[in-house]
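Colleague: PDB, C-alpha atoms, file structure.pdb:
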MODEL        1
ATOM      1  CA  GLN A   6    -137.060 123.031 -85.651  1.00  0.00           C
ATOM      2  CA  THR A   7    -139.418 124.989 -83.399  1.00  0.00           C
ATOM      3  CA  SER A   8    -142.356 124.238 -85.682  1.00  0.00           C
ATOM      4  CA  VAL A   9    -141.511 120.514 -85.659  1.00  0.00           C
ATOM      5  CA  TYR A  10    -141.402 120.486 -81.860  1.00  0.00           C
ATOM      6  CA  THR A  11    -144.690 122.417 -81.671  1.00  0.00           C
ATOM      7  CA  HIS A  12    -146.304 119.925 -84.041  1.00  0.00           C
ATOM      8  CA  LEU A  13    -145.059 116.973 -81.948  1.00  0.00           C
ATOM      9  CA  GLN A  14    -146.260 118.576 -78.719  1.00  0.00           C
ATOM     10  CA  THR A  15    -149.690 119.260 -80.221  1.00  0.00           C
ATOM     11  CA  THR A  16    -149.919 115.672 -81.462  1.00  0.00           C
ATOM     12  CA  ILE A  17    -149.021 114.314 -78.025  1.00  0.00           C
ATOM     13  CA  ASN A  18    -151.565 116.538 -76.285  1.00  0.00           C
ATOM     14  CA  MET A  19    -154.278 115.388 -78.699  1.00  0.00           C
ATOM     15  CA  ARG A  20    -153.405 111.715 -78.210  1.00  0.00           C
ATOM     16  CA  VAL A  21    -153.363 112.017 -74.423  1.00  0.00           C
ATOM     17  CA  ALA A  22    -156.745 113.774 -74.524  1.00  0.00           C
ATOM     18  CA  THR A  23    -158.119 111.054 -76.810  1.00  0.00           C
ATOM     19  CA  PHE A  24    -156.777 108.332 -74.493  1.00  0.00           C
ATOM     20  CA  LEU A  25    -158.360 109.896 -71.408  1.00  0.00           C
ATOM     21  CA  THR A  26    -161.667 110.490 -73.210  1.00  0.00           C
ATOM     22  CA  THR A  27    -161.812 106.889 -74.403  1.00  0.00           C
ATOM     23  CA  LEU A  28    -160.869 105.598 -70.964  1.00  0.00           C
ATOM     24  CA  PHE A  29    -163.576 107.582 -69.206  1.00  0.00           C
ATOM     25  CA  ALA A  30    -166.156 106.683 -71.866  1.00  0.00           C
ATOM     26  CA  ALA A  31    -165.510 102.998 -71.382  1.00  0.00           C
ATOM     27  CA  PHE A  32    -165.402 103.133 -67.578  1.00  0.00           C
ATOM     28  CA  ALA A  33    -168.397 105.438 -67.237  1.00  0.00           C
ATOM     29  CA  CYS A  34    -170.601 102.787 -68.762  1.00  0.00           C
ATOM     30  CA  GLY A  35    -169.920 100.384 -65.944  1.00  0.00           C
ATOM     31  CA  GLU A  36    -168.796  97.227 -67.784  1.00  0.00           C
ATOM     32  CA  ALA A  37    -165.185  97.910 -66.948  1.00  0.00           C
ATOM     33  CA  PHE A  38    -166.056  97.815 -63.249  1.00  0.00           C
ATOM     34  CA  VAL A  39    -168.225  94.700 -63.049  1.00  0.00           C
ATOM     35  CA  ALA A  40    -167.264  91.136 -62.354  1.00  0.00           C
ATOM     36  CA  PRO A  41    -166.619  88.918 -65.388  1.00  0.00           C
ATOM     37  CA  SER A  42    -169.858  86.991 -64.867  1.00  0.00           C
ATOM     38  CA  ARG A  43    -172.040  90.063 -65.220  1.00  0.00           C
ATOM     39  CA  SER A  44    -173.059  91.816 -68.416  1.00  0.00           C
ATOM     40  CA  THR A  45    -174.314  95.206 -69.534  1.00  0.00           C
ATOM     41  CA  SER A  46    -175.256  96.835 -72.785  1.00  0.00           C
ATOM     42  CA  CYS A  47    -173.751 100.234 -71.980  1.00  0.00           C
ATOM     43  CA  VAL A  48    -170.387  99.684 -73.630  1.00  0.00           C
ATOM     44  CA  GLY A  49    -172.209  98.556 -76.716  1.00  0.00           C
ATOM     45  CA  ARG A  50    -173.842 101.973 -76.889  1.00  0.00           C
ATOM     46  CA  SER A  51    -170.668 104.003 -76.233  1.00  0.00           C
ATOM     47  CA  VAL A  52    -167.963 102.132 -78.110  1.00  0.00           C
ATOM     48  CA  ALA A  53    -169.953  99.711 -80.230  1.00  0.00           C
ATOM     49  CA  GLY A  54    -167.741  97.833 -82.604  1.00  0.00           C
ATOM     50  CA  ALA A  55    -164.629  99.710 -81.515  1.00  0.00           C
ATOM     51  CA  LEU A  56    -163.358  97.236 -78.923  1.00  0.00           C
ATOM     52  CA  PRO A  57    -163.706  93.474 -78.410  1.00  0.00           C
ATOM     53  CA  LYS A  58    -165.785  92.237 -75.501  1.00  0.00           C
ATOM     54  CA  SER A  59    -163.923  92.497 -72.204  1.00  0.00           C
ATOM     55  CA  SER A  60    -163.849  88.728 -71.592  1.00  0.00           C
ATOM     56  CA  SER A  61    -162.281  88.060 -74.994  1.00  0.00           C
ATOM     57  CA  LEU A  62    -159.800  90.883 -74.518  1.00  0.00           C
ATOM     58  CA  GLN A  63    -158.746  89.550 -71.116  1.00  0.00           C
ATOM     59  CA  MET A  64    -158.309  86.016 -72.425  1.00  0.00           C
ATOM     60  CA  SER A  65    -156.192  87.103 -75.376  1.00  0.00           C
ATOM     61  CA  ALA A  66    -154.119  89.509 -73.282  1.00  0.00           C
ATOM     62  CA  PHE A  67    -153.090  86.916 -70.696  1.00  0.00           C
ATOM     63  CA  ASP A  68    -153.105  83.680 -72.699  1.00  0.00           C
ATOM     64  CA  GLY A  69    -149.324  83.565 -72.948  1.00  0.00           C
ATOM     65  CA  ILE A  70    -148.573  84.177 -69.281  1.00  0.00           C
ATOM     66  CA  LYS A  71    -151.501  82.728 -67.336  1.00  0.00           C
ATOM     67  CA  GLU A  72    -150.018  79.245 -66.983  1.00  0.00           C
ATOM     68  CA  PRO A  73    -146.606  80.323 -65.631  1.00  0.00           C
ATOM     69  CA  VAL A  74    -148.228  82.928 -63.371  1.00  0.00           C
ATOM     70  CA  GLN A  75    -150.598  80.271 -62.028  1.00  0.00           C
ATOM     71  CA  SER A  76    -147.619  77.982 -61.363  1.00  0.00           C
ATOM     72  CA  TYR A  77    -145.932  80.759 -59.395  1.00  0.00           C
ATOM     73  CA  VAL A  78    -149.109  81.498 -57.422  1.00  0.00           C
ATOM     74  CA  ASP A  79    -149.494  77.790 -56.627  1.00  0.00           C
ATOM     75  CA  ILE A  80    -146.221  77.920 -54.697  1.00  0.00           C
ATOM     76  CA  TRP A  81    -147.704  80.290 -52.118  1.00  0.00           C
ATOM     77  CA  THR A  82    -151.407  79.427 -52.079  1.00  0.00           C
ATOM     78  CA  PRO A  83    -151.147  76.290 -49.856  1.00  0.00           C
ATOM     79  CA  MET A  84    -149.406  78.323 -47.148  1.00  0.00           C
ATOM     80  CA  PHE A  85    -152.186  80.888 -47.062  1.00  0.00           C
ATOM     81  CA  LYS A  86    -154.898  78.225 -47.165  1.00  0.00           C
ATOM     82  CA  GLN A  87    -153.343  76.488 -44.182  1.00  0.00           C
ATOM     83  CA  ALA A  88    -153.161  79.763 -42.268  1.00  0.00           C
ATOM     84  CA  SER A  89    -156.797  80.462 -43.086  1.00  0.00           C
ATOM     85  CA  GLU A  90    -157.972  76.999 -42.082  1.00  0.00           C
ATOM     86  CA  ALA A  91    -156.040  77.294 -38.822  1.00  0.00           C
ATOM     87  CA  GLY A  92    -157.786  80.555 -38.040  1.00  0.00           C
ATOM     88  CA  LEU A  93    -154.569  82.565 -38.164  1.00  0.00           C
ATOM     89  CA  VAL A  94    -155.902  84.901 -40.865  1.00  0.00           C
ATOM     90  CA  PRO A  95    -159.425  86.354 -40.469  1.00  0.00           C
ATOM     91  CA  ASP A  96    -161.607  85.975 -43.548  1.00  0.00           C
ATOM     92  CA  PHE A  97    -162.120  89.737 -43.737  1.00  0.00           C
ATOM     93  CA  LEU A  98    -158.354  90.343 -43.829  1.00  0.00           C
ATOM     94  CA  LEU A  99    -157.889  87.625 -46.421  1.00  0.00           C
ATOM     95  CA  HIS A 100    -160.577  89.192 -48.599  1.00  0.00           C
ATOM     96  CA  TRP A 101    -159.822  92.902 -48.214  1.00  0.00           C
ATOM     97  CA  GLY A 102    -156.226  93.063 -46.960  1.00  0.00           C
ATOM     98  CA  HIS A 103    -154.685  93.419 -50.408  1.00  0.00           C
ATOM     99  CA  GLY A 104    -157.117  96.114 -51.460  1.00  0.00           C
ATOM    100  CA  ALA A 105    -156.652  98.111 -48.252  1.00  0.00           C
ATOM    101  CA  ALA A 106    -152.865  97.980 -48.542  1.00  0.00           C
ATOM    102  CA  MET A 107    -152.751  98.980 -52.211  1.00  0.00           C
ATOM    103  CA  ALA A 108    -155.334 101.741 -51.762  1.00  0.00           C
ATOM    104  CA  SER A 109    -153.240 103.210 -48.944  1.00  0.00           C
ATOM    105  CA  VAL A 110    -150.173 103.247 -51.223  1.00  0.00           C
ATOM    106  CA  LEU A 111    -152.087 104.916 -54.067  1.00  0.00           C
ATOM    107  CA  LEU A 112    -153.811 107.503 -51.871  1.00  0.00           C
ATOM    108  CA  SER A 113    -150.601 108.432 -50.058  1.00  0.00           C
ATOM    109  CA  MET A 114    -147.446 107.822 -52.088  1.00  0.00           C
ATOM    110  CA  GLY A 115    -149.184 107.893 -55.467  1.00  0.00           C
ATOM    111  CA  VAL A 116    -151.095 111.121 -54.915  1.00  0.00           C
ATOM    112  CA  ILE A 117    -148.170 112.874 -53.196  1.00  0.00           C
ATOM    113  CA  GLY A 118    -145.736 111.760 -55.899  1.00  0.00           C
ATOM    114  CA  ALA A 119    -148.026 112.983 -58.681  1.00  0.00           C
ATOM    115  CA  TYR A 120    -148.504 116.305 -56.903  1.00  0.00           C
ATOM    116  CA  MET A 121    -144.743 116.709 -56.602  1.00  0.00           C
ATOM    117  CA  GLY A 122    -144.303 115.927 -60.285  1.00  0.00           C
ATOM    118  CA  TRP A 123    -146.554 118.817 -61.237  1.00  0.00           C
ATOM    119  CA  GLN A 124    -144.865 121.094 -58.712  1.00  0.00           C
ATOM    120  CA  ILE A 125    -141.575 120.420 -60.502  1.00  0.00           C
ATOM    121  CA  ARG A 126    -143.210 121.233 -63.834  1.00  0.00           C
ATOM    122  CA  LEU A 127    -144.567 124.482 -62.398  1.00  0.00           C
ATOM    123  CA  GLY A 128    -141.074 125.554 -61.353  1.00  0.00           C
ATOM    124  CA  ASN A 129    -141.191 124.657 -57.655  1.00  0.00           C
ATOM    125  CA  GLY A 130    -138.831 121.697 -57.803  1.00  0.00           C
ATOM    126  CA  GLU A 131    -136.173 123.209 -55.526  1.00  0.00           C
ATOM    127  CA  GLU A 132    -138.550 123.821 -52.629  1.00  0.00           C
ATOM    128  CA  VAL A 133    -138.337 121.769 -49.422  1.00  0.00           C
ATOM    129  CA  THR A 134    -141.634 120.905 -47.714  1.00  0.00           C
ATOM    130  CA  PRO A 135    -142.667 118.713 -44.768  1.00  0.00           C
ATOM    131  CA  LEU A 136    -143.627 116.014 -47.281  1.00  0.00           C
ATOM    132  CA  THR A 137    -140.111 115.812 -48.743  1.00  0.00           C
ATOM    133  CA  LEU A 138    -138.365 115.022 -45.403  1.00  0.00           C
ATOM    134  CA  GLY A 139    -135.437 117.321 -46.036  1.00  0.00           C
ATOM    135  CA  ASP A 140    -135.073 116.698 -49.759  1.00  0.00           C
ATOM    136  CA  THR A 141    -136.145 119.092 -52.460  1.00  0.00           C
ATOM    137  CA  ILE A 142    -139.358 118.260 -54.315  1.00  0.00           C
ATOM    138  CA  ARG A 143    -137.234 117.378 -57.355  1.00  0.00           C
ATOM    139  CA  GLU A 144    -135.235 114.862 -55.298  1.00  0.00           C
ATOM    140  CA  ALA A 145    -138.208 113.402 -53.448  1.00  0.00           C
ATOM    141  CA  HIS A 146    -140.482 112.864 -56.460  1.00  0.00           C
ATOM    142  CA  PRO A 147    -138.663 109.867 -58.022  1.00  0.00           C
ATOM    143  CA  LYS A 148    -138.087 108.294 -54.599  1.00  0.00           C
ATOM    144  CA  ILE A 149    -141.763 108.405 -53.654  1.00  0.00           C
ATOM    145  CA  ILE A 150    -143.070 107.266 -57.030  1.00  0.00           C
ATOM    146  CA  GLY A 151    -140.374 104.589 -57.258  1.00  0.00           C
ATOM    147  CA  GLY A 152    -141.363 103.325 -53.821  1.00  0.00           C
ATOM    148  CA  ALA A 153    -145.024 103.246 -54.828  1.00  0.00           C
ATOM    149  CA  PHE A 154    -144.135 101.267 -57.961  1.00  0.00           C
ATOM    150  CA  PHE A 155    -142.195  98.762 -55.840  1.00  0.00           C
ATOM    151  CA  PHE A 156    -145.131  98.280 -53.458  1.00  0.00           C
ATOM    152  CA  PHE A 157    -147.541  97.922 -56.386  1.00  0.00           C
ATOM    153  CA  LEU A 158    -145.405  95.168 -57.914  1.00  0.00           C
ATOM    154  CA  LEU A 159    -145.048  93.392 -54.569  1.00  0.00           C
ATOM    155  CA  GLY A 160    -148.690  93.834 -53.660  1.00  0.00           C
ATOM    156  CA  GLY A 161    -149.849  92.641 -57.057  1.00  0.00           C
ATOM    157  CA  GLN A 162    -148.277  89.272 -56.416  1.00  0.00           C
ATOM    158  CA  GLY A 163    -150.022  89.110 -53.059  1.00  0.00           C
ATOM    159  CA  GLY A 164    -153.317  89.980 -54.696  1.00  0.00           C
ATOM    160  CA  LEU A 165    -153.003  87.077 -57.119  1.00  0.00           C
ATOM    161  CA  VAL A 166    -152.165  84.654 -54.310  1.00  0.00           C
ATOM    162  CA  LEU A 167    -155.028  85.838 -52.094  1.00  0.00           C
ATOM    163  CA  LEU A 168    -157.487  85.651 -54.993  1.00  0.00           C
ATOM    164  CA  ASP A 169    -156.396  82.084 -55.724  1.00  0.00           C
ATOM    165  CA  THR A 170    -156.552  81.213 -52.019  1.00  0.00           C
ATOM    166  CA  GLN A 171    -160.234  82.172 -52.044  1.00  0.00           C
ATOM    167  CA  GLY A 172    -160.928  79.863 -54.982  1.00  0.00           C
ATOM    168  CA  GLN A 173    -161.194  82.584 -57.622  1.00  0.00           C
ATOM    169  CA  SER A 174    -159.634  82.523 -61.080  1.00  0.00           C
ATOM    170  CA  ILE A 175    -156.701  84.855 -61.660  1.00  0.00           C
ATOM    171  CA  LEU A 176    -156.112  87.136 -64.647  1.00  0.00           C
ATOM    172  CA  GLU A 177    -159.760  86.937 -65.713  1.00  0.00           C
ATOM    173  CA  SER A 178    -161.205  90.255 -64.591  1.00  0.00           C
ATOM    174  CA  PRO A 179    -161.125  93.946 -65.529  1.00  0.00           C
ATOM    175  CA  HIS A 180    -158.992  94.403 -62.401  1.00  0.00           C
ATOM    176  CA  ALA A 181    -156.266  92.287 -64.006  1.00  0.00           C
ATOM    177  CA  MET A 182    -156.454  94.373 -67.169  1.00  0.00           C
ATOM    178  CA  THR A 183    -156.099  97.676 -65.332  1.00  0.00           C
ATOM    179  CA  ALA A 184    -153.240  96.171 -63.302  1.00  0.00           C
ATOM    180  CA  ALA A 185    -151.310  95.251 -66.448  1.00  0.00           C
ATOM    181  CA  LEU A 186    -151.944  98.673 -67.970  1.00  0.00           C
ATOM    182  CA  SER A 187    -150.862 100.419 -64.761  1.00  0.00           C
ATOM    183  CA  VAL A 188    -147.590  98.490 -64.599  1.00  0.00           C
ATOM    184  CA  ALA A 189    -146.853  99.214 -68.266  1.00  0.00           C
ATOM    185  CA  LEU A 190    -147.492 102.936 -67.779  1.00  0.00           C
ATOM    186  CA  LEU A 191    -145.398 103.117 -64.597  1.00  0.00           C
ATOM    187  CA  ALA A 192    -142.532 101.318 -66.334  1.00  0.00           C
ATOM    188  CA  THR A 193    -142.716 103.773 -69.226  1.00  0.00           C
ATOM    189  CA  GLN A 194    -142.699 106.659 -66.760  1.00  0.00           C
ATOM    190  CA  ALA A 195    -139.584 105.257 -65.114  1.00  0.00           C
ATOM    191  CA  VAL A 196    -137.722 105.230 -68.454  1.00  0.00           C
ATOM    192  CA  LEU A 197    -138.711 108.691 -69.710  1.00  0.00           C
ATOM    193  CA  PRO A 198    -136.480 110.684 -67.280  1.00  0.00           C
ATOM    194  CA  LYS A 199    -133.463 109.069 -68.954  1.00  0.00           C
ATOM    195  CA  LEU A 200    -134.293 111.242 -71.972  1.00  0.00           C
ATOM    196  CA  PHE A 201    -134.527 114.529 -70.074  1.00  0.00           C
ATOM    197  CA  ALA A 202    -130.871 115.406 -70.735  1.00  0.00           C
ATOM    198  CA  THR A 203    -131.050 114.664 -74.462  1.00  0.00           C
ATOM    199  CA  GLU A 204    -131.851 117.069 -77.295  1.00  0.00           C
ATOM    200  CA  ASN A 205    -135.474 115.956 -77.042  1.00  0.00           C
ATOM    201  CA  GLY A 206    -135.530 116.550 -73.291  1.00  0.00           C
ATOM    202  CA  LYS A 207    -138.349 119.108 -73.307  1.00  0.00           C
ATOM    203  CA  LEU A 208    -140.560 116.796 -75.329  1.00  0.00           C
ATOM    204  CA  ALA A 209    -139.738 113.926 -72.956  1.00  0.00           C
ATOM    205  CA  ARG A 210    -140.708 116.104 -69.974  1.00  0.00           C
ATOM    206  CA  ASP A 211    -144.020 116.995 -71.600  1.00  0.00           C
ATOM    207  CA  VAL A 212    -144.770 113.345 -72.306  1.00  0.00           C
ATOM    208  CA  HIS A 213    -143.764 112.403 -68.744  1.00  0.00           C
ATOM    209  CA  ALA A 214    -146.119 114.990 -67.234  1.00  0.00           C
ATOM    210  CA  TYR A 215    -149.177 114.176 -69.327  1.00  0.00           C
ATOM    211  CA  LEU A 216    -148.597 110.421 -69.258  1.00  0.00           C
ATOM    212  CA  GLY A 217    -148.220 110.674 -65.487  1.00  0.00           C
ATOM    213  CA  THR A 218    -151.697 112.161 -65.268  1.00  0.00           C
ATOM    214  CA  ALA A 219    -153.033 109.365 -67.481  1.00  0.00           C
ATOM    215  CA  THR A 220    -151.254 106.820 -65.262  1.00  0.00           C
ATOM    216  CA  MET A 221    -152.949 108.183 -62.138  1.00  0.00           C
ATOM    217  CA  THR A 222    -156.302 107.971 -63.942  1.00  0.00           C
ATOM    218  CA  VAL A 223    -155.694 104.300 -64.748  1.00  0.00           C
ATOM    219  CA  LEU A 224    -154.559 103.609 -61.172  1.00  0.00           C
ATOM    220  CA  PHE A 225    -157.786 105.038 -59.780  1.00  0.00           C
ATOM    221  CA  ALA A 226    -159.726 102.975 -62.325  1.00  0.00           C
ATOM    222  CA  HIS A 227    -157.757  99.987 -61.033  1.00  0.00           C
ATOM    223  CA  LEU A 228    -158.874 100.819 -57.498  1.00  0.00           C
ATOM    224  CA  VAL A 229    -162.532 100.883 -58.593  1.00  0.00           C
ATOM    225  CA  THR A 230    -162.289  97.590 -60.509  1.00  0.00           C
ATOM    226  CA  GLY A 231    -160.661  96.037 -57.441  1.00  0.00           C
ATOM    227  CA  LEU A 232    -163.469  97.236 -55.173  1.00  0.00           C
ATOM    228  CA  ASN A 233    -166.036  95.796 -57.549  1.00  0.00           C
ATOM    229  CA  LEU A 234    -164.145  92.512 -57.773  1.00  0.00           C
ATOM    230  CA  GLY A 235    -164.075  92.258 -53.992  1.00  0.00           C
ATOM    231  CA  LEU A 236    -167.795  92.890 -53.783  1.00  0.00           C
ATOM    232  CA  SER A 237    -168.553  90.263 -56.452  1.00  0.00           C
ATOM    233  CA  PHE A 238    -167.800  87.218 -54.262  1.00  0.00           C
TER     234      PHE A 238
ENDMDL
END
Please express what this file holds, its structure, as structure tokens.

Modeller:
Amino acid sequence: QTSVYTHLQTTINMRVATFLTTLFAAFACGEAFVAPSRSTSCVGRSVAGALPKSSSLQMSAFDGIKEPVQSYVDIWTPMFKQASEAGLVPDFLLHWGHGAAMASVLLSMGVIGAYMGWQIRLGNGEEVTPLTLGDTIREAHPKIIGGAFFFFLLGGQGGLVLLDTQGQSILESPHAMTAALSVALLATQAVLPKLFATENGKLARDVHAYLGTATMTVLFAHLVTGLNLGLSF
């Protein structure tokens, strides 16, 4: 039984390492961070033939949901356009407000929550610090990360509306891809603690820790793709 667990843990560690290596290889080339209208040959050199072109991948990934999402966005866009035309919302705030708000959530709640997660893993979960506001680290960790997830979901909707308000297409950029991946990873992270009390609890904790690190990597990639998207128009 111990050898089976060790084999599973080794397999997970290898797959997480492979995921992070692939992610950094793709992003380091630059194509993942450029606007859809630009092109580069770097990805072709690093992952040639391994992945479809980003534009094709984005189209196939969102084909089934783009129309209903656009219909939802269309409910709110006229309100924001009217506010903009009336001078109630400065252009700078309309353009960068979403990014500033989401970056503040990531750099505060996201970073603190991830730090607390590793403190729990290192055996410091019962400590109380100024960051936990009276709770133990173990108690504060899910509250902070859960709050960040809530703000990401809420802010993502605002980002789509603001992008549409400025006349840009939605769900057609690397930023949309990293958003979808981030949400999927955060949702998976939210489910994993349900397995902590089972017979596979230790394995679930290992997966939660390493996948949490991968999730933070994707979230920071999402921040960079968002910055590039904002600078592209």

Colleague: Take the PyMOL selection byres ((chain A and resi 216-225) around 10), run it mentally on this structure, and tell me the resulting residues as a PyMOL selection string.

Modeller: chain A and resi 17-18+21-22+24-25+28-29+108+111-112+115-116+118-120+122-123+183-184+186-191+193-194+210-215+226-231

Colleague: For Val166 (chain A), which residue among A:Asp79, A:Glu131, A:Asp96, A:Asp68 is the nearest when counting only C-alpha atoms?

Modeller: A:Asp79

Colleague: So what do you get for CA of Phe156 (chain A) versus CA of Gly102 (chain A), distance-wise?

Modeller: 13.9 Å

Colleague: Please, what distance in Å, to one decimal, runs between CA of Val110 (chain A) and CA of Ile149 (chain A)?

Modeller: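 These two atoms are separated by 10.2 Å.
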
Colleague: In Å, with one decimal, what is the gap from CA of Ala66 (chain A) to CA of Ala181 (chain A)?

Modeller: 9.9 Å

Colleague: With a distance cut-off of 9 Å and only C-alpha atoms, select the neighbouring residues of Val74 (chain A), excluding the residue or stretch itself and same-chain residues fewer than 4 positions from it, and output the selection as JSON, numbers by chain.

Modeller: {"A": [70, 78, 79, 165, 175]}

Colleague: Report as a list in words all protein, DNA and RNA residues lying within 10 Å of Met121 (chain A), evaluated on all atoms listed in the file, omitting residues in the same chain fewer than 4 positions from it.

Modeller: Gly115, Val116, Ile117, Ile125, Arg126, Leu127, Asn129, Gly130, Leu136, Thr137, Thr141, Ile142, Arg143, Glu144, Ala145, His146, Pro147, Ile149 and Ile150 of chain A

Colleague: Could you give me, as a VMD selection string, the residues within 9 Å of Trp81 (chain A), counting all atoms listed in the file and dropping anything in the same chain fewer than 4 positions from it?

Modeller: chain A and resid 77 85 to 86 166 170

Colleague: Convert the current residue selection to file output with C-alpha atoms, as a PDB file, in the frame of the given file.

Modeller:
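Heads up, here's the output in out.pdb:
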ATOM      1  CA  TYR A  77    -145.932  80.759 -59.395  1.00  0.00           C
ATOM      2  CA  PHE A  85    -152.186  80.888 -47.062  1.00  0.00           C
ATOM      3  CA  LYS A  86    -154.898  78.225 -47.165  1.00  0.00           C
ATOM      4  CA  VAL A 166    -152.165  84.654 -54.310  1.00  0.00           C
ATOM      5  CA  THR A 170    -156.552  81.213 -52.019  1.00  0.00           C
TER       6      THR A 170
END

Colleague: Could you check which of A:Ala185, A:Phe97, A:Leu176, A:Glu132 is closest to Pro73 (chain A), using only C-alpha atoms?

Modeller: A:Leu176

Colleague: Counting only C-alpha atoms, figure out which residue out of A:Gly104, A:Pro198, A:Gly139, A:Gly128 gets nearest to Gly161 (chain A).

Modeller: A:Gly104

Colleague: Find, counting only C-alpha atoms, the residue in A:Phe67, A:Phe201, A:Phe154, A:Trp101 that gets nearest to Pro179 (chain A).

Modeller: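 Looking only at the distances to Pro179 (chain A), the closest residue turns out to be A:Phe67.
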
Colleague: Region 135-154 of chain A from the block above, N, CA and C atoms, as a compact mmCIF listing (two decimals), in the first residue's frame, please?

Modeller:
# COMPACT_ATOMS: atom_id res chain seq x y z
N PRO A 135 -1.19 38.41 12.49
CA PRO A 135 -1.97 39.62 12.17
C PRO A 135 -2.78 39.47 10.87
N LEU A 136 -2.32 38.64 9.96
CA LEU A 136 -3.02 38.47 8.69
C LEU A 136 -4.29 37.64 8.82
N THR A 137 -4.40 36.86 9.89
CA THR A 137 -5.54 35.95 10.04
C THR A 137 -6.71 36.57 10.81
N LEU A 138 -6.49 37.76 11.39
CA LEU A 138 -7.56 38.50 12.09
C LEU A 138 -8.24 37.66 13.17
N GLY A 139 -7.43 37.00 13.97
CA GLY A 139 -7.96 36.24 15.09
C GLY A 139 -8.18 34.77 14.82
N ASP A 140 -8.26 34.37 13.58
CA ASP A 140 -8.39 32.97 13.23
C ASP A 140 -7.02 32.30 13.19
N THR A 141 -7.00 30.99 13.19
CA THR A 141 -5.76 30.29 12.92
C THR A 141 -5.50 30.35 11.42
N ILE A 142 -4.28 30.07 11.02
CA ILE A 142 -3.95 30.04 9.59
C ILE A 142 -4.82 29.01 8.88
N ARG A 143 -5.04 27.86 9.53
CA ARG A 143 -5.86 26.80 8.94
C ARG A 143 -7.29 27.27 8.70
N GLU A 144 -7.82 28.09 9.59
CA GLU A 144 -9.19 28.60 9.44
C GLU A 144 -9.26 29.73 8.42
N ALA A 145 -8.22 30.55 8.39
CA ALA A 145 -8.25 31.73 7.51
C ALA A 145 -8.00 31.38 6.05
N HIS A 146 -7.20 30.37 5.79
CA HIS A 146 -6.82 30.02 4.42
C HIS A 146 -8.01 29.83 3.48
N PRO A 147 -8.99 28.96 3.80
CA PRO A 147 -10.11 28.79 2.86
C PRO A 147 -10.99 30.03 2.74
N LYS A 148 -11.05 30.83 3.80
CA LYS A 148 -11.86 32.06 3.73
C LYS A 148 -11.25 33.06 2.75
N ILE A 149 -9.93 33.23 2.85
CA ILE A 149 -9.26 34.21 1.99
C ILE A 149 -9.26 33.75 0.53
N ILE A 150 -8.92 32.49 0.30
CA ILE A 150 -8.91 31.99 -1.07
C ILE A 150 -10.32 31.93 -1.64
N GLY A 151 -11.29 31.54 -0.82
CA GLY A 151 -12.68 31.54 -1.28
C GLY A 151 -13.16 32.93 -1.64
N GLY A 152 -12.76 33.92 -0.84
CA GLY A 152 -13.12 35.31 -1.16
C GLY A 152 -12.48 35.78 -2.45
N ALA A 153 -11.21 35.39 -2.65
CA ALA A 153 -10.52 35.76 -3.90
C ALA A 153 -11.22 35.15 -5.10
N PHE A 154 -11.62 33.88 -4.97
CA PHE A 154 -12.32 33.19 -6.06
C PHE A 154 -13.63 33.92 -6.38
